[in-house]
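Accompanying notes for the structure given below.
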Amino acid sequence: MSTTVLDSIIDGVRADLDTRRAATPLARIRDLAAETTAQRPAADVCARLDGRDTVGLIAEIKRSSPSKGALADIPEPADLARSYEAAGATAISVLTEQRRFGGSLHDLDRVRTAVDIPLLRKDFTVEEYQIYEARAHGADIVLLIVAALTDAQLAEHLQLTHELGMRALVEAHSADELERALATDARLIGVNARNLKTLDLDLDGAAALLPTIPGDRFAIGESAVLKKAHVETYARHGADAVLVGEALVTDGDPEATARDFLSVPAQTDERRNR
Ligand SMILES: O=P(O)(O)OC[C@@H](O)[C@@H](O)c1c[nH]c2ccccc12
């Protein structure tokens with residue numbers, strides 16, 4: 001089988017993970033996760049998504065990406081996070097992958113000190129260690145990418161996520177992956193317009209999958225939003241929220257743009273019917 005972009009990203013993620021685990025063993029990160037929860041239990045993003053009549057927004061903090069290269073310096077992620085929170089963002093996604101996305105757990109720490117809204121640790125979760133680590137650094141949500149995990153791993157990682165009081169955003173790209181995502185008991189189901197194996201982008205293809213997500217889940221349209229019309233495309237197909245990175249981090253006024261995206265009506269009738 002040929003190596004995909006996703007495979008090579010995950011090779012780097014595993015190497016970085018080994019370095020962190022050598023410094024902070026599993027037993028220690030588990031204790032740190034418990035200490036964090038004792039101080040501040042994970043916030044439930046579902047409560048913020050429930051009953052909205054406009055689309056929700058998970059606003060992302062991302063310096064670079066494998067498809068676009070450098071996007072923005074973001075010298076202080078806490079400042080950007082405050083703008084997102086002021087705009088009314090439902091949650092903030094913090095890229096913590098270092099090699100391709102220029103993020104770190106330090107970014108997550110900085111953002112956690114600045115805002116109270118739920119935080120998604122956006123990384124390529126391949127081992128349980130990363131889920132403890134997410135909680136230890138104050139995350140409320142972790143990302144589980146269907147394409148990167150077996151069904152057994154998905155189920156195990158989801159169970160641990162729930163045991164730690166967090167939610168998982170289970171991300172699919174194709175109809176087959178979406179079926180696997182829906183076979184789990186995750187409440188947050190994302191459809192990513194970007195194929196992580198090839199980096200190809202297909203907004204309409206992703207939007208077309210959203211109506212097949214049952215109304216007892218929250219449907220998140222991910223990637224490819226460069227303007228309000230793209231948010232409207234996802235919303236028209238029944239998205240409860242959109243996940244936006246590039247358009248916000250490259251914007252001179254991310255707060256105003258986030259506010260504008262958040263004004264798009266959600267298709268509440270359509271969701272009730274499905
Ligand atoms: O910058 P965009 O096109 O608005 O995309 C945001 C987000 O959806 C994207 O960063 C993303 C979606 N799924 C991922 C998985 C890993 C890394 C990154 C991602």
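So you can find residues: chains in the structure tokens are A, B, ... in the order shown, residues in each start at 1, and ligands are numbered from 1 in order.
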Give the residue list for ligand 1 at 8 Å, counting only C-alpha atoms and all ligand atoms, as a PyMOL selection string, sorted by chain and then by residue number. chain A and resi 60+62+65+95+97+101+122-124+143+145+171+192-194+196+221-226+243-248
Per-residue DSSP, stretch 161-236 of chain A, filtered to strand (DSSP E or B), as a ChimeraX atom specification: /A:167-172,188-192,194,201,218-222
Output of the above residues as a compact mmCIF listing (two decimals), in the first residue's frame, restricted to C-alpha atoms:
```txt
# COMPACT_ATOMS: atom_id res chain seq x y z
CA ARG A 167 -16.47 14.81 24.25
CA ALA A 168 -14.92 13.49 21.04
CA LEU A 169 -15.38 15.00 17.62
CA VAL A 170 -15.38 11.93 15.40
CA GLU A 171 -14.29 12.99 11.94
CA ALA A 172 -15.16 11.32 8.64
CA LEU A 188 -20.21 15.17 17.68
CA ILE A 189 -19.84 13.97 14.12
CA GLY A 190 -17.62 15.95 11.76
CA VAL A 191 -17.46 15.72 8.00
CA ASN A 192 -14.13 17.05 6.77
CA ARG A 194 -10.39 17.82 3.15
CA LEU A 201 -10.73 19.58 -0.89
CA PHE A 218 -24.49 17.20 16.20
CA ALA A 219 -23.29 17.56 12.61
CA ILE A 220 -20.15 19.64 12.07
CA GLY A 221 -19.03 20.84 8.63
CA GLU A 222 -15.23 21.02 8.66
```
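Considering the residues A:His157, A:Arg187, A:His106, A:Arg14 and counting only C-alpha atoms, A:Asp240 has its shortest atom-to-atom contact with A:Arg187.
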Skip stretch 80-82 of chain A itself and residues of its chain fewer than 5 positions away, then list as a ChimeraX atom specification all residues within 12 Å of it, counting only C-alpha atoms. /A:58-63,72-75,87-94,107-119,245,248-255,258
Atoms kept (C-alpha atoms) for selection, written as a PDB file, in the first residue's frame:
```
ATOM      1  CA  ILE A  58     -15.679  26.070  16.263  1.00  0.00           C
ATOM      2  CA  ALA A  59     -12.996  28.661  15.583  1.00  0.00           C
ATOM      3  CA  GLU A  60      -9.534  27.271  15.008  1.00  0.00           C
ATOM      4  CA  ILE A  61      -6.045  28.443  15.960  1.00  0.00           C
ATOM      5  CA  LYS A  62      -3.631  27.140  13.327  1.00  0.00           C
ATOM      6  CA  ARG A  63      -0.300  28.593  12.166  1.00  0.00           C
ATOM      7  CA  ALA A  72      -0.261  33.196  10.241  1.00  0.00           C
ATOM      8  CA  ASP A  73       2.390  33.771  12.942  1.00  0.00           C
ATOM      9  CA  ILE A  74      -0.048  33.961  15.880  1.00  0.00           C
ATOM     10  CA  PRO A  75       2.602  35.107  18.397  1.00  0.00           C
ATOM     11  CA  ALA A  87     -17.467  36.964  18.860  1.00  0.00           C
ATOM     12  CA  GLY A  88     -19.544  34.245  20.518  1.00  0.00           C
ATOM     13  CA  ALA A  89     -17.721  31.184  19.176  1.00  0.00           C
ATOM     14  CA  THR A  90     -19.188  27.891  20.406  1.00  0.00           C
ATOM     15  CA  ALA A  91     -15.746  26.385  21.010  1.00  0.00           C
ATOM     16  CA  ILE A  92     -12.113  26.907  20.034  1.00  0.00           C
ATOM     17  CA  SER A  93      -9.988  24.348  18.220  1.00  0.00           C
ATOM     18  CA  VAL A  94      -6.272  24.528  19.023  1.00  0.00           C
ATOM     19  CA  ASP A 107      -0.619  26.906  22.750  1.00  0.00           C
ATOM     20  CA  LEU A 108      -3.426  24.953  24.395  1.00  0.00           C
ATOM     21  CA  ASP A 109      -2.194  26.053  27.838  1.00  0.00           C
ATOM     22  CA  ARG A 110      -2.081  29.693  26.746  1.00  0.00           C
ATOM     23  CA  VAL A 111      -5.601  29.535  25.323  1.00  0.00           C
ATOM     24  CA  ARG A 112      -6.930  27.784  28.435  1.00  0.00           C
ATOM     25  CA  THR A 113      -5.725  30.649  30.623  1.00  0.00           C
ATOM     26  CA  ALA A 114      -7.559  33.150  28.389  1.00  0.00           C
ATOM     27  CA  VAL A 115     -11.080  31.766  27.768  1.00  0.00           C
ATOM     28  CA  ASP A 116     -13.823  29.713  29.419  1.00  0.00           C
ATOM     29  CA  ILE A 117     -15.545  28.274  26.334  1.00  0.00           C
ATOM     30  CA  PRO A 118     -14.905  24.608  25.422  1.00  0.00           C
ATOM     31  CA  LEU A 119     -11.546  23.783  23.821  1.00  0.00           C
ATOM     32  CA  GLY A 245      -9.387  27.794  10.557  1.00  0.00           C
ATOM     33  CA  LEU A 248     -10.130  33.321  10.524  1.00  0.00           C
ATOM     34  CA  VAL A 249      -6.386  33.166  11.163  1.00  0.00           C
ATOM     35  CA  THR A 250      -5.623  35.028   7.935  1.00  0.00           C
ATOM     36  CA  ASP A 251      -8.279  37.691   8.568  1.00  0.00           C
ATOM     37  CA  GLY A 252      -7.343  41.177   9.793  1.00  0.00           C
ATOM     38  CA  ASP A 253     -10.496  41.208  11.941  1.00  0.00           C
ATOM     39  CA  PRO A 254     -11.189  37.625  13.027  1.00  0.00           C
ATOM     40  CA  GLU A 255     -13.759  38.735  15.606  1.00  0.00           C
ATOM     41  CA  ALA A 258     -16.477  35.018  13.279  1.00  0.00           C
TER      42      ALA A 258
END
```
Compare A:Leu26, A:Tyr129, A:Glu163, A:Ala235 by their minimum atom-to-atom distance to A:Thr268, counting only C-alpha atoms, and give me the closest one.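 Among the listed residues, the smallest separation from A:Thr268 belongs to A:Ala235.
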Among the residues of stretch 2-74 of chain A, find those DSSP assigns to alpha helix (DSSP H) from the backbone and print them as a ChimeraX atom specification. /A:5-23,26-39,45-49
Output file for the selection above: N, CA and C atoms, as a compact mmCIF listing (two decimals), in the first residue's frame:
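Writing done, so here's out_38.txt:
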```
# COMPACT_ATOMS: atom_id res chain seq x y z
N VAL A 5 -0.47 11.07 2.78
CA VAL A 5 -0.07 12.22 3.59
C VAL A 5 -0.39 11.95 5.05
N LEU A 6 -1.58 11.38 5.29
CA LEU A 6 -1.99 11.07 6.67
C LEU A 6 -0.99 10.14 7.35
N ASP A 7 -0.52 9.11 6.63
CA ASP A 7 0.47 8.19 7.20
C ASP A 7 1.73 8.94 7.63
N SER A 8 2.19 9.83 6.76
CA SER A 8 3.46 10.50 7.09
C SER A 8 3.27 11.50 8.23
N ILE A 9 2.09 12.13 8.30
CA ILE A 9 1.82 13.02 9.45
C ILE A 9 1.85 12.19 10.73
N ILE A 10 1.21 11.03 10.69
CA ILE A 10 1.12 10.20 11.90
C ILE A 10 2.49 9.66 12.32
N ASP A 11 3.37 9.38 11.37
CA ASP A 11 4.74 8.98 11.73
C ASP A 11 5.39 10.05 12.60
N GLY A 12 5.24 11.30 12.19
CA GLY A 12 5.81 12.42 12.95
C GLY A 12 5.14 12.58 14.30
N VAL A 13 3.83 12.43 14.32
CA VAL A 13 3.06 12.54 15.57
C VAL A 13 3.55 11.49 16.57
N ARG A 14 3.79 10.27 16.08
CA ARG A 14 4.25 9.20 16.99
C ARG A 14 5.65 9.48 17.52
N ALA A 15 6.52 10.02 16.67
CA ALA A 15 7.89 10.33 17.11
C ALA A 15 7.85 11.42 18.20
N ASP A 16 7.04 12.46 17.97
CA ASP A 16 6.93 13.54 18.97
C ASP A 16 6.30 13.02 20.26
N LEU A 17 5.35 12.13 20.10
CA LEU A 17 4.67 11.54 21.27
C LEU A 17 5.67 10.75 22.12
N ASP A 18 6.56 10.00 21.47
CA ASP A 18 7.57 9.23 22.21
C ASP A 18 8.46 10.16 23.03
N THR A 19 8.82 11.30 22.46
CA THR A 19 9.65 12.26 23.19
C THR A 19 8.93 12.78 24.43
N ARG A 20 7.66 13.15 24.26
CA ARG A 20 6.91 13.68 25.41
C ARG A 20 6.70 12.61 26.48
N ARG A 21 6.47 11.38 26.02
CA ARG A 21 6.20 10.30 26.98
C ARG A 21 7.46 9.94 27.77
N ALA A 22 8.62 10.12 27.13
CA ALA A 22 9.87 9.87 27.85
C ALA A 22 10.02 10.88 28.99
N ALA A 23 9.55 12.10 28.78
CA ALA A 23 9.65 13.14 29.80
C ALA A 23 8.55 13.02 30.85
N LEU A 26 3.21 7.74 31.35
CA LEU A 26 1.75 7.59 31.35
C LEU A 26 1.14 7.79 32.74
N ALA A 27 1.77 7.18 33.77
CA ALA A 27 1.20 7.28 35.12
C ALA A 27 1.12 8.75 35.55
N ARG A 28 2.13 9.51 35.19
CA ARG A 28 2.18 10.94 35.56
C ARG A 28 1.12 11.75 34.80
N ILE A 29 0.97 11.48 33.51
CA ILE A 29 0.00 12.28 32.73
C ILE A 29 -1.42 11.94 33.18
N ARG A 30 -1.63 10.69 33.63
CA ARG A 30 -2.95 10.33 34.16
C ARG A 30 -3.24 11.12 35.42
N ASP A 31 -2.23 11.25 36.30
CA ASP A 31 -2.41 12.04 37.52
C ASP A 31 -2.69 13.50 37.19
N LEU A 32 -1.95 14.02 36.22
CA LEU A 32 -2.15 15.43 35.84
C LEU A 32 -3.55 15.65 35.28
N ALA A 33 -4.04 14.68 34.52
CA ALA A 33 -5.41 14.79 33.98
C ALA A 33 -6.42 14.83 35.13
N ALA A 34 -6.21 13.97 36.13
CA ALA A 34 -7.14 13.94 37.28
C ALA A 34 -7.07 15.24 38.06
N GLU A 35 -5.86 15.78 38.21
CA GLU A 35 -5.71 17.06 38.93
C GLU A 35 -6.43 18.18 38.20
N THR A 36 -6.29 18.20 36.88
CA THR A 36 -6.96 19.24 36.09
C THR A 36 -8.47 19.14 36.27
N THR A 37 -8.98 17.92 36.23
CA THR A 37 -10.42 17.73 36.36
C THR A 37 -10.90 18.13 37.75
N ALA A 38 -10.07 17.88 38.77
CA ALA A 38 -10.45 18.29 40.12
C ALA A 38 -10.58 19.81 40.21
N GLN A 39 -9.70 20.50 39.47
CA GLN A 39 -9.74 21.98 39.49
C GLN A 39 -10.83 22.53 38.58
N VAL A 45 -19.60 20.83 25.41
CA VAL A 45 -19.89 21.63 24.21
C VAL A 45 -21.31 21.36 23.69
N CYS A 46 -21.86 20.18 23.99
CA CYS A 46 -23.20 19.86 23.47
C CYS A 46 -24.25 20.82 24.02
N ALA A 47 -24.05 21.25 25.26
CA ALA A 47 -24.99 22.20 25.85
C ALA A 47 -24.99 23.51 25.06
N ARG A 48 -23.82 23.86 24.51
CA ARG A 48 -23.72 25.10 23.74
C ARG A 48 -24.22 24.94 22.31
N LEU A 49 -24.32 23.71 21.85
CA LEU A 49 -24.79 23.47 20.47
C LEU A 49 -26.29 23.24 20.42
```
In Å, how far is it from atom CA of A:Asp216 to atom CA of A:Gly51?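 Separating atom CA of A:Asp216 from atom CA of A:Gly51 is a distance of 11.9 Å.
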So what do you get for atom CA of A:Gln130 versus atom CA of A:Ser2, distance-wise?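 Taking atom CA of A:Gln130 and atom CA of A:Ser2, their separation equals 26.6 Å.
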Excluding A:Thr184 and any residue of its chain fewer than 3 positions from it, enumerate the residues within 8 Å of it, using only C-alpha atoms, and give them as a VMD selection string. chain A and resid 154 to 155 180 to 181
Using only C-alpha atoms, which of the listed residues (A:Leu178, A:Leu57, A:Glu127, A:Thr24) sits closest to A:Glu85?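 Distance minimum relative to A:Glu85 lands on A:Leu57.
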Residues near A:Ala134, cut-off 9 Å, only C-alpha atoms, skip fewer than 3 positions along chain, as a PyMOL selection string: chain A and resi 33+105+108+120-121+129-131+137-142
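Here the question is which of A:Ala136, A:Leu203, A:Ala148, A:Leu158 gets nearest to A:Ala42 using only C-alpha atoms, and that residue is A:Ala136.
With only C-alpha atoms as the atoms that count, the residue of A:Thr198, A:Ser174, A:Gln98, A:Thr161 with the shortest distance to A:Thr3 is A:Thr198.
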